[in-house]
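Enquirer: Below is one structure. I have some questions about it.
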Amino acid sequence: MSGHPSYQPQSAFMRWMERRLPLGGLIYSSFVAYPTPRNLNYWWTFGGILAFMLGVQIVTGVVLAMHYTPHVDYAFDSVEQIMRDVNYGWLLRYLHANGASMFFLAAYIHLFRGMYYGSYKEPREVLWILGVILLLLMIMTGFMGYVLPWGQMSFWAATVITNLFSAIPLVGESIVTWLWGGFAVGNPTLNRFYSLHYLLPFVIAGVVGLHIWALHMVGQNNPAGVEPKTEQDTVAFTPYATIKDSFLLAVFCIMFAWFVFYIPNFLGHPDNYIPANPAVTPMHIVPEWYYLPFYAILRAIPNKLLGVMALGASILILAFLPWLDTSRVRSARYRPAYRQFFWAFVIVCIGLGWLGSKPPEGNYVLFARIFTAYYFAFFLVILPVLGKIERTKALPNSISESVLREGKPIGAPAPPPASAKV
Amino acid sequence: MSVLGGDGPHAEQLTQPARAGCGWTDGQKGTMHVTTMSSAEPTRRDFLYIATASVAGIGAAATLVPLITQMNPDASTIAAGAPIEVDLSPIADGQVIKVFWRGKPIYVNHRTKKQIEEAQNVDVAKLPDPQPDSARVKPGHDQWQVLIGICTHLGCIPIAHQGPYDGYFCPCHGSVYDTSGRIRQGPAPLNLALPPYAFLSDTKIRIG
Ligand code: HEM
Ligand code: FES
């Protein structure tokens, strides 16, 4: 990259290697010399945290798989055996179960960061869509993993979620039978979920590769939302971004460890320590916390097919965000009205999550409907219209200007951008 | 592509030895250039491309058949779905028992007089999934209500003798069914399904 030194192999071996497989050069240009905007804040460290969590899930998952038995008669007991008999089995399983929650927490922060700073806008549309695909893959992986311990919640989650497909007209029932491999959720279902739960994380890893490739094509967005123009606007990835990422990763790991060692079952549901019983549905079934907002949307709509469609749409609509938001200004820093609607959206999502954990009755349903309406209105009405009518603030001329002079011009005052009205 | 795509009018070039080296670079630009033009008329070569690609495509699609159908219920699963017989004599008035057929819970409800009357005296036209009670029991066996205990919303198991109609209540998303198993409230679109069954005698049924 211009201005930053290119890779100079230090040892004879690396020089030999570089002429055959230039891995050193690739790593150097991607993670050492790679220019990052100098104004990145801590919200930009969650990508690294996500990569770390994927690693944690794969490592703990592969070792859990050495002790787990995917059969309806043994699955529950094999997980209990992991907890009681396998050396450090309790630690590995709690890391994996809580790791899934941490993974989703980081993903949601990462996603809201993108929404706040307009990171999905031109030229980052493909990068953003790859992120939505990653979210979908995570949702599928987490769901199938949750079925594996074969407790009551596992079984009934599998039943309810696979039955979502029965809402499809005409072919719905056949699709559900095909998914189950039987006439109800049973051993064939558990087996295939295990196979796919093992596979999908590696698919995720592949898509992460594409995500990073696309990122390095278009460069990172930044809190000012204006592209780097000169070398002054960027710093080298190492040490600047590496240190910042490492620091927040360490803080994140402290929280992760706090869950694993002090409240390992806080995010789980006690009913999943009851073996699966196809004859009795628990009185109150809820999904894992990270699915609750979507679950609330499903239940808010009193019609099966429409409810299922709203559930699907609530995730897929994210992929269309680059075209639904019509504003040319990226960062919410310079969009005062958008900022209000954005925070309302965050509150609505958290509110939907809370409502999803409540029984579907009375005022809970009423609020779930209001919040669901806002959720969709945000994408379909507010964003398209706001971009056309909002009075945005003046953008800084460059990243350095926004950092060094809090937005005041450096040197000779530059004329304000044509579109900006203060 | 461009070199190989010798179209009809230039077919004689195939005999030129210079072609073997894909040698359009050295001084041949002028003549070889024309081979990159697409001809208006389809040639034998175009036909071969399309035919080869089609055969490969059909072959690839055919391999999907086993890959997809392997996920459908296997022979043993289907065989395990053989009919079962249920003795009704021990079921008391007002009692509901649950049996399993094909991994699905089947409710056998010995309805009381009051329940039967309530199920029959309903304005059928006002129901979300209109069906008279008579269509949901066997003629002459009004007291026996046999149905699949799987909520038509998303597949939870409704609890018997619960909810405002003294029928079934689904704890998952709050669907309410009456004593005929018809949907009355909540997100479920349809009445509880009926399994195929027949009375072998007044006190015995065969399900399946
Ligand atoms: C994207 C990464 C992954 C996520 C989000 C994820 C999520 C989950 C979840 C939520 C559970 C249920 C935990 C519980 O309540 O006990 C689970 C269980 C399990 N997972 Fe994963 N997983 C991931 C990767 C993997 C990988 C790569 C493997 C194997 C190679 C694996 C193997 C297992 C096994 C054997 C279980 C059952 C044991 C248990 O329940 O603790 N996982 N996973
Ligand atoms: S599964 Fe019964 S109401 Fe949803």
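So you can find residues: chains in the structure tokens are A, B, ... in the order shown, residues in each start at 1, and ligands are numbered from 1 in order.
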Report as a Markdown table the residues of chain A within 6 Å of ligand 1, each with its shortest atom pair and distance in Å (one decimal), using only C-alpha atoms and all ligand atoms, ordered by chain and increasing residue number.

Expert:
| residue | atom | partner | partner_atom_place_in_ligand_line | distance |
| --- | --- | --- | --- | --- |
| A:Leu54 | CA | ligand 1 | 2 (C) | 5.6 |
| A:Gln57 | CA | ligand 1 | 24 (C) | 4.6 |
| A:Ile58 | CA | ligand 1 | 27 (C) | 3.7 |
| A:Gly61 | CA | ligand 1 | 31 (C) | 3.4 |
| A:Val62 | CA | ligand 1 | 30 (C) | 3.7 |
| A:Leu64 | CA | ligand 1 | 35 (C) | 4.6 |
| A:Ala65 | CA | ligand 1 | 35 (C) | 3.9 |
| A:Tyr68 | CA | ligand 1 | 35 (C) | 5.3 |
| A:Val79 | CA | ligand 1 | 38 (C) | 5.7 |
| A:Arg93 | CA | ligand 1 | 41 (O) | 4.6 |
| A:Ala97 | CA | ligand 1 | 13 (C) | 4.0 |
| A:Ala100 | CA | ligand 1 | 5 (C) | 4.4 |
| A:Met138 | CA | ligand 1 | 1 (C) | 5.6 |
| A:Thr141 | CA | ligand 1 | 5 (C) | 5.5 |
| A:Gly142 | CA | ligand 1 | 7 (C) | 4.1 |
| A:Gly145 | CA | ligand 1 | 17 (C) | 3.6 |
| A:Tyr146 | CA | ligand 1 | 12 (C) | 3.8 |
| A:Leu148 | CA | ligand 1 | 37 (C) | 5.0 |
| A:Pro149 | CA | ligand 1 | 40 (O) | 4.4 |
| A:Tyr198 | CA | ligand 1 | 29 (C) | 4.4 |
| A:Pro201 | CA | ligand 1 | 1 (C) | 4.4 |

Enquirer: Emit the selected residues as a PDB file, in the first residue's frame, including C-alpha atoms.

Expert:
ATOM      1  CA  LEU A  54     -15.645 -18.453  15.673  1.00  0.00           C
ATOM      2  CA  GLN A  57     -16.633 -22.391  18.876  1.00  0.00           C
ATOM      3  CA  ILE A  58     -14.757 -24.546  16.379  1.00  0.00           C
ATOM      4  CA  GLY A  61     -16.995 -27.929  19.284  1.00  0.00           C
ATOM      5  CA  VAL A  62     -14.494 -30.339  17.760  1.00  0.00           C
ATOM      6  CA  LEU A  64     -17.112 -31.883  22.369  1.00  0.00           C
ATOM      7  CA  ALA A  65     -17.784 -33.956  19.257  1.00  0.00           C
ATOM      8  CA  TYR A  68     -21.012 -36.571  22.171  1.00  0.00           C
ATOM      9  CA  VAL A  79     -23.881 -34.427  27.387  1.00  0.00           C
ATOM     10  CA  ARG A  93     -19.279 -27.403  27.256  1.00  0.00           C
ATOM     11  CA  ALA A  97     -22.758 -22.968  25.192  1.00  0.00           C
ATOM     12  CA  ALA A 100     -22.606 -19.092  21.249  1.00  0.00           C
ATOM     13  CA  MET A 138     -25.015 -18.344  12.563  1.00  0.00           C
ATOM     14  CA  THR A 141     -25.832 -23.230  13.323  1.00  0.00           C
ATOM     15  CA  GLY A 142     -26.854 -22.046  16.776  1.00  0.00           C
ATOM     16  CA  GLY A 145     -26.480 -26.904  18.123  1.00  0.00           C
ATOM     17  CA  TYR A 146     -29.179 -26.168  20.669  1.00  0.00           C
ATOM     18  CA  LEU A 148     -28.057 -31.570  20.188  1.00  0.00           C
ATOM     19  CA  PRO A 149     -28.275 -31.920  24.023  1.00  0.00           C
ATOM     20  CA  TYR A 198     -20.512 -29.704  12.392  1.00  0.00           C
ATOM     21  CA  PRO A 201     -19.165 -23.343  11.091  1.00  0.00           C
TER      22      PRO A 201
END

Enquirer: Neighbours of ligand 2 at 8 Å or closer, counting only C-alpha atoms and all ligand atoms: which residues, as a tab-separated table (two decimals) with N, CA, C and O atoms, in the first residue's frame?

Expert:
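Result written to selection-v3.tsv:
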chain	number	residue	atom	x	y	z
A	160	VAL	N	-40.91	-26.69	16.80
A	160	VAL	CA	-41.54	-25.42	16.40
A	160	VAL	C	-40.84	-24.82	15.18
A	160	VAL	O	-41.48	-24.37	14.24
B	150	ILE	N	-51.48	-32.54	17.83
B	150	ILE	CA	-50.38	-31.66	17.40
B	150	ILE	C	-50.98	-30.36	16.92
B	150	ILE	O	-51.76	-30.34	15.96
B	151	CYS	N	-50.62	-29.29	17.59
B	151	CYS	CA	-51.14	-27.97	17.25
B	151	CYS	C	-50.86	-27.66	15.78
B	151	CYS	O	-49.74	-27.88	15.30
B	152	THR	N	-51.88	-27.18	15.09
B	152	THR	CA	-51.69	-26.90	13.66
B	152	THR	C	-50.93	-25.61	13.42
B	152	THR	O	-50.66	-25.24	12.29
B	153	HIS	N	-50.57	-24.92	14.51
B	153	HIS	CA	-49.71	-23.76	14.33
B	153	HIS	C	-48.29	-24.25	14.08
B	153	HIS	O	-47.91	-24.45	12.94
B	154	LEU	N	-47.53	-24.51	15.12
B	154	LEU	CA	-46.15	-24.92	14.91
B	154	LEU	C	-45.79	-26.22	15.60
B	154	LEU	O	-44.63	-26.46	15.93
B	155	GLY	N	-46.82	-27.07	15.86
B	155	GLY	CA	-46.50	-28.43	16.23
B	155	GLY	C	-46.33	-28.76	17.70
B	155	GLY	O	-45.88	-29.84	18.03
B	156	CYS	N	-46.64	-27.85	18.62
B	156	CYS	CA	-46.59	-28.21	20.03
B	156	CYS	C	-47.77	-29.13	20.36
B	156	CYS	O	-48.66	-29.35	19.54
B	157	ILE	N	-47.74	-29.67	21.59
B	157	ILE	CA	-48.81	-30.57	21.99
B	157	ILE	C	-49.78	-29.83	22.89
B	157	ILE	O	-49.43	-29.44	24.01
B	158	PRO	N	-51.01	-29.60	22.44
B	158	PRO	CA	-51.98	-28.89	23.26
B	158	PRO	C	-52.32	-29.71	24.50
B	158	PRO	O	-52.24	-30.95	24.48
B	169	PHE	N	-55.70	-26.54	24.89
B	169	PHE	CA	-55.01	-25.25	24.88
B	169	PHE	C	-53.55	-25.50	24.57
B	169	PHE	O	-52.92	-26.37	25.17
B	170	CYS	N	-53.01	-24.75	23.60
B	170	CYS	CA	-51.60	-24.93	23.24
B	170	CYS	C	-50.74	-23.93	24.01
B	170	CYS	O	-50.94	-22.72	23.88
B	171	PRO	N	-49.78	-24.42	24.80
B	171	PRO	CA	-48.99	-23.52	25.63
B	171	PRO	C	-47.98	-22.70	24.84
B	171	PRO	O	-47.43	-21.73	25.36
B	172	CYS	N	-47.73	-23.09	23.60
B	172	CYS	CA	-46.63	-22.42	22.90
B	172	CYS	C	-46.98	-21.00	22.48
B	172	CYS	O	-46.27	-20.05	22.81
B	173	HIS	N	-48.08	-20.84	21.74
B	173	HIS	CA	-48.44	-19.50	21.30
B	173	HIS	C	-49.91	-19.22	21.53
B	173	HIS	O	-50.50	-18.37	20.88
B	174	GLY	N	-50.51	-20.03	22.42
B	174	GLY	CA	-51.85	-19.70	22.90
B	174	GLY	C	-53.02	-20.04	21.99
B	174	GLY	O	-54.04	-19.37	22.04
B	175	SER	N	-52.92	-21.09	21.16
B	175	SER	CA	-54.09	-21.48	20.37
B	175	SER	C	-55.09	-22.24	21.25
B	175	SER	O	-54.70	-23.04	22.10
B	176	VAL	N	-56.38	-21.97	21.03
B	176	VAL	CA	-57.44	-22.60	21.83
B	176	VAL	C	-58.34	-23.43	20.92
B	176	VAL	O	-58.81	-22.94	19.89
B	186	GLY	N	-56.45	-17.82	18.55
B	186	GLY	CA	-55.00	-17.96	18.47
B	186	GLY	C	-54.51	-18.14	17.05
B	186	GLY	O	-55.29	-18.11	16.10
B	187	PRO	N	-53.17	-18.31	16.91
B	187	PRO	CA	-52.55	-18.26	15.58
B	187	PRO	C	-52.72	-19.53	14.74
B	187	PRO	O	-52.41	-19.51	13.55
B	188	ALA	N	-53.18	-20.64	15.32
B	188	ALA	CA	-53.28	-21.86	14.52
B	188	ALA	C	-54.34	-21.69	13.44
B	188	ALA	O	-55.41	-21.15	13.69

Enquirer: Between CA of Lys304 in chain A and CA of Leu164 in chain A, what is the spacing in Å?

Expert: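 Computing the Euclidean distance for CA of Leu164 in chain A and CA of Lys304 in chain A yields 8.6 Å.
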
Enquirer: Would you please give, as number ranges by chain, all residues of chain B that DSSP assigns to helix (DSSP H, G or I) based on the backbone?

Expert: B: 8-15, 17-21, 29-36, 44-69, 75-79, 113-120, 124-126, 133-136

Enquirer: Find the residues in chain A near chain B: any atom within 7 Å counts, using only C-alpha atoms. Write them as a ChimeraX atom specification.

Expert: /A:159-160,163-164,177-179,181-184,279-281,283-285,299,302-304,360

Enquirer: Would you please work out which residue, of B:Pro196, B:Lys204, B:Gly167, B:Tyr107, is nearest to Ala82 in chain B when using only C-alpha atoms?

Expert: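 Once distances to Ala82 in chain B are computed over only C-alpha atoms, the minimum belongs to B:Pro196.
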
Enquirer: Show me, as an NGL selection string, the residues that have an atom within 12 Å of Ala319 in chain A when counting only C-alpha atoms, minus same-chain residues fewer than 2 positions from it.

Expert: :A and (111 or 115 or 120-121 or 124-136 or 312-317 or 321-325 or 379)

Enquirer: Could you pull out the strand (DSSP E or B) residues of range 38-155 of chain B from DSSP and send them as a ChimeraX atom specification?

Expert: /B:84-87,96-101,104-110,144-148

Enquirer: What does the distance between CA of Ile91 in chain B and CA of Ala276 in chain A come to in Å, to one decimal place?

Expert: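 About the pair CA of Ile91 in chain B and CA of Ala276 in chain A: they are 27.1 Å apart.
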
Enquirer: Neighbours of Tyr273 in chain A within 12 Å (only C-alpha atoms; same-chain residues fewer than 2 positions away dropped), as an NGL selection string?

Expert: :A and (76-77 or 79-80 or 83 or 149-155 or 265 or 268-271 or 275-277)

Enquirer: Within 9 Å of Arg184 in chain B, counting only C-alpha atoms, which residues show up once you throw out same-chain ones fewer than 3 positions away? Write them as an mmCIF file with all heavy atoms, in the first residue's frame, please.

Expert:
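Wrote it out as out11.cif, contents follow:
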data_model
loop_
_atom_site.group_PDB
_atom_site.id
_atom_site.type_symbol
_atom_site.label_atom_id
_atom_site.label_comp_id
_atom_site.auth_asym_id
_atom_site.auth_seq_id
_atom_site.Cartn_x
_atom_site.Cartn_y
_atom_site.Cartn_z
ATOM 1 N N LEU B 127 -66.837 -20.246 12.531
ATOM 2 C CA LEU B 127 -65.552 -20.812 12.941
ATOM 3 C C LEU B 127 -64.457 -20.464 11.923
ATOM 4 O O LEU B 127 -64.733 -20.335 10.732
ATOM 5 C CB LEU B 127 -65.669 -22.333 13.051
ATOM 6 C CG LEU B 127 -66.644 -22.850 14.101
ATOM 7 C CD1 LEU B 127 -66.747 -24.362 14.017
ATOM 8 C CD2 LEU B 127 -66.208 -22.431 15.492
ATOM 9 N N PRO B 128 -63.207 -20.333 12.402
ATOM 10 C CA PRO B 128 -62.113 -20.047 11.466
ATOM 11 C C PRO B 128 -61.943 -21.168 10.441
ATOM 12 O O PRO B 128 -61.567 -20.928 9.296
ATOM 13 C CB PRO B 128 -60.875 -19.956 12.367
ATOM 14 C CG PRO B 128 -61.380 -19.797 13.753
ATOM 15 C CD PRO B 128 -62.759 -20.378 13.804
ATOM 16 N N ASP B 129 -62.171 -22.414 10.847
ATOM 17 C CA ASP B 129 -62.042 -23.557 9.940
ATOM 18 C C ASP B 129 -63.353 -24.329 10.052
ATOM 19 O O ASP B 129 -63.446 -25.292 10.815
ATOM 20 C CB ASP B 129 -60.831 -24.405 10.371
ATOM 21 C CG ASP B 129 -60.606 -25.601 9.461
ATOM 22 O OD1 ASP B 129 -61.228 -25.669 8.379
ATOM 23 O OD2 ASP B 129 -59.798 -26.475 9.842
ATOM 24 N N TYR B 165 -62.834 -23.267 26.212
ATOM 25 C CA TYR B 165 -63.861 -24.164 25.662
ATOM 26 C C TYR B 165 -63.781 -25.563 26.264
ATOM 27 O O TYR B 165 -64.383 -26.492 25.745
ATOM 28 C CB TYR B 165 -63.749 -24.216 24.136
ATOM 29 C CG TYR B 165 -64.005 -22.872 23.496
ATOM 30 C CD1 TYR B 165 -62.958 -21.985 23.253
ATOM 31 C CD2 TYR B 165 -65.297 -22.473 23.175
ATOM 32 C CE1 TYR B 165 -63.190 -20.744 22.697
ATOM 33 C CE2 TYR B 165 -65.542 -21.228 22.616
ATOM 34 C CZ TYR B 165 -64.483 -20.366 22.382
ATOM 35 O OH TYR B 165 -64.717 -19.130 21.831
ATOM 36 N N SER B 175 -52.924 -21.090 21.164
ATOM 37 C CA SER B 175 -54.093 -21.480 20.367
ATOM 38 C C SER B 175 -55.088 -22.239 21.250
ATOM 39 O O SER B 175 -54.701 -23.039 22.098
ATOM 40 C CB SER B 175 -53.672 -22.368 19.198
ATOM 41 O OG SER B 175 -52.978 -21.601 18.250
ATOM 42 N N VAL B 176 -56.384 -21.973 21.029
ATOM 43 C CA VAL B 176 -57.437 -22.599 21.832
ATOM 44 C C VAL B 176 -58.335 -23.431 20.919
ATOM 45 O O VAL B 176 -58.811 -22.942 19.885
ATOM 46 C CB VAL B 176 -58.278 -21.514 22.544
ATOM 47 C CG1 VAL B 176 -59.427 -22.158 23.322
ATOM 48 C CG2 VAL B 176 -57.407 -20.682 23.463
ATOM 49 N N TYR B 177 -58.560 -24.689 21.304
ATOM 50 C CA TYR B 177 -59.428 -25.589 20.537
ATOM 51 C C TYR B 177 -60.603 -25.993 21.414
ATOM 52 O O TYR B 177 -60.484 -26.066 22.637
ATOM 53 C CB TYR B 177 -58.657 -26.841 20.114
ATOM 54 C CG TYR B 177 -57.424 -26.564 19.273
ATOM 55 C CD1 TYR B 177 -56.191 -26.302 19.874
ATOM 56 C CD2 TYR B 177 -57.492 -26.569 17.888
ATOM 57 C CE1 TYR B 177 -55.061 -26.050 19.107
ATOM 58 C CE2 TYR B 177 -56.365 -26.324 17.111
ATOM 59 C CZ TYR B 177 -55.150 -26.062 17.725
ATOM 60 O OH TYR B 177 -54.028 -25.822 16.963
ATOM 61 N N ASP B 178 -61.763 -26.306 20.778
ATOM 62 C CA ASP B 178 -62.926 -26.744 21.557
ATOM 63 C C ASP B 178 -62.911 -28.266 21.711
ATOM 64 O O ASP B 178 -61.955 -28.933 21.312
ATOM 65 C CB ASP B 178 -64.219 -26.206 20.932
ATOM 66 C CG ASP B 178 -64.463 -26.747 19.526
ATOM 67 O OD1 ASP B 178 -63.837 -27.759 19.163
ATOM 68 O OD2 ASP B 178 -65.290 -26.138 18.816
ATOM 69 N N GLY B 181 -62.031 -30.279 18.939
ATOM 70 C CA GLY B 181 -60.691 -30.068 18.388
ATOM 71 C C GLY B 181 -60.662 -29.018 17.296
ATOM 72 O O GLY B 181 -59.721 -28.955 16.510
ATOM 73 N N ALA B 188 -53.179 -20.644 15.318
ATOM 74 C CA ALA B 188 -53.283 -21.865 14.517
ATOM 75 C C ALA B 188 -54.340 -21.686 13.439
ATOM 76 O O ALA B 188 -55.410 -21.153 13.694
ATOM 77 C CB ALA B 188 -53.624 -23.052 15.415
ATOM 78 N N ASN B 191 -58.238 -26.777 12.253
ATOM 79 C CA ASN B 191 -58.658 -27.659 13.336
ATOM 80 C C ASN B 191 -57.605 -28.743 13.539
ATOM 81 O O ASN B 191 -56.845 -29.061 12.612
ATOM 82 C CB ASN B 191 -59.994 -28.309 12.966
ATOM 83 C CG ASN B 191 -61.071 -27.253 12.740
ATOM 84 O OD1 ASN B 191 -60.976 -26.151 13.271
ATOM 85 N ND2 ASN B 191 -62.065 -27.598 11.948
#

Enquirer: Could you check the closest approach to Ser201 in chain B for each of B:Ala160, B:Val122, B:Val86, B:Val146 and tell me which residue wins, using only C-alpha atoms?

Expert: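 Looking at the shortest contact to Ser201 in chain B, the residue is B:Val86.
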
Enquirer: So which one's closest to Ile297 in chain A, A:Val329, A:Val348, A:Ala33, A:Ile274? Using only C-alpha atoms, please.

Expert: A:Val348

Enquirer: For CA of Leu95 in chain A and CA of Val56 in chain A, quote the distance in Å rounded to one decimal.

Expert: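 A separation of 8.0 Å between them.
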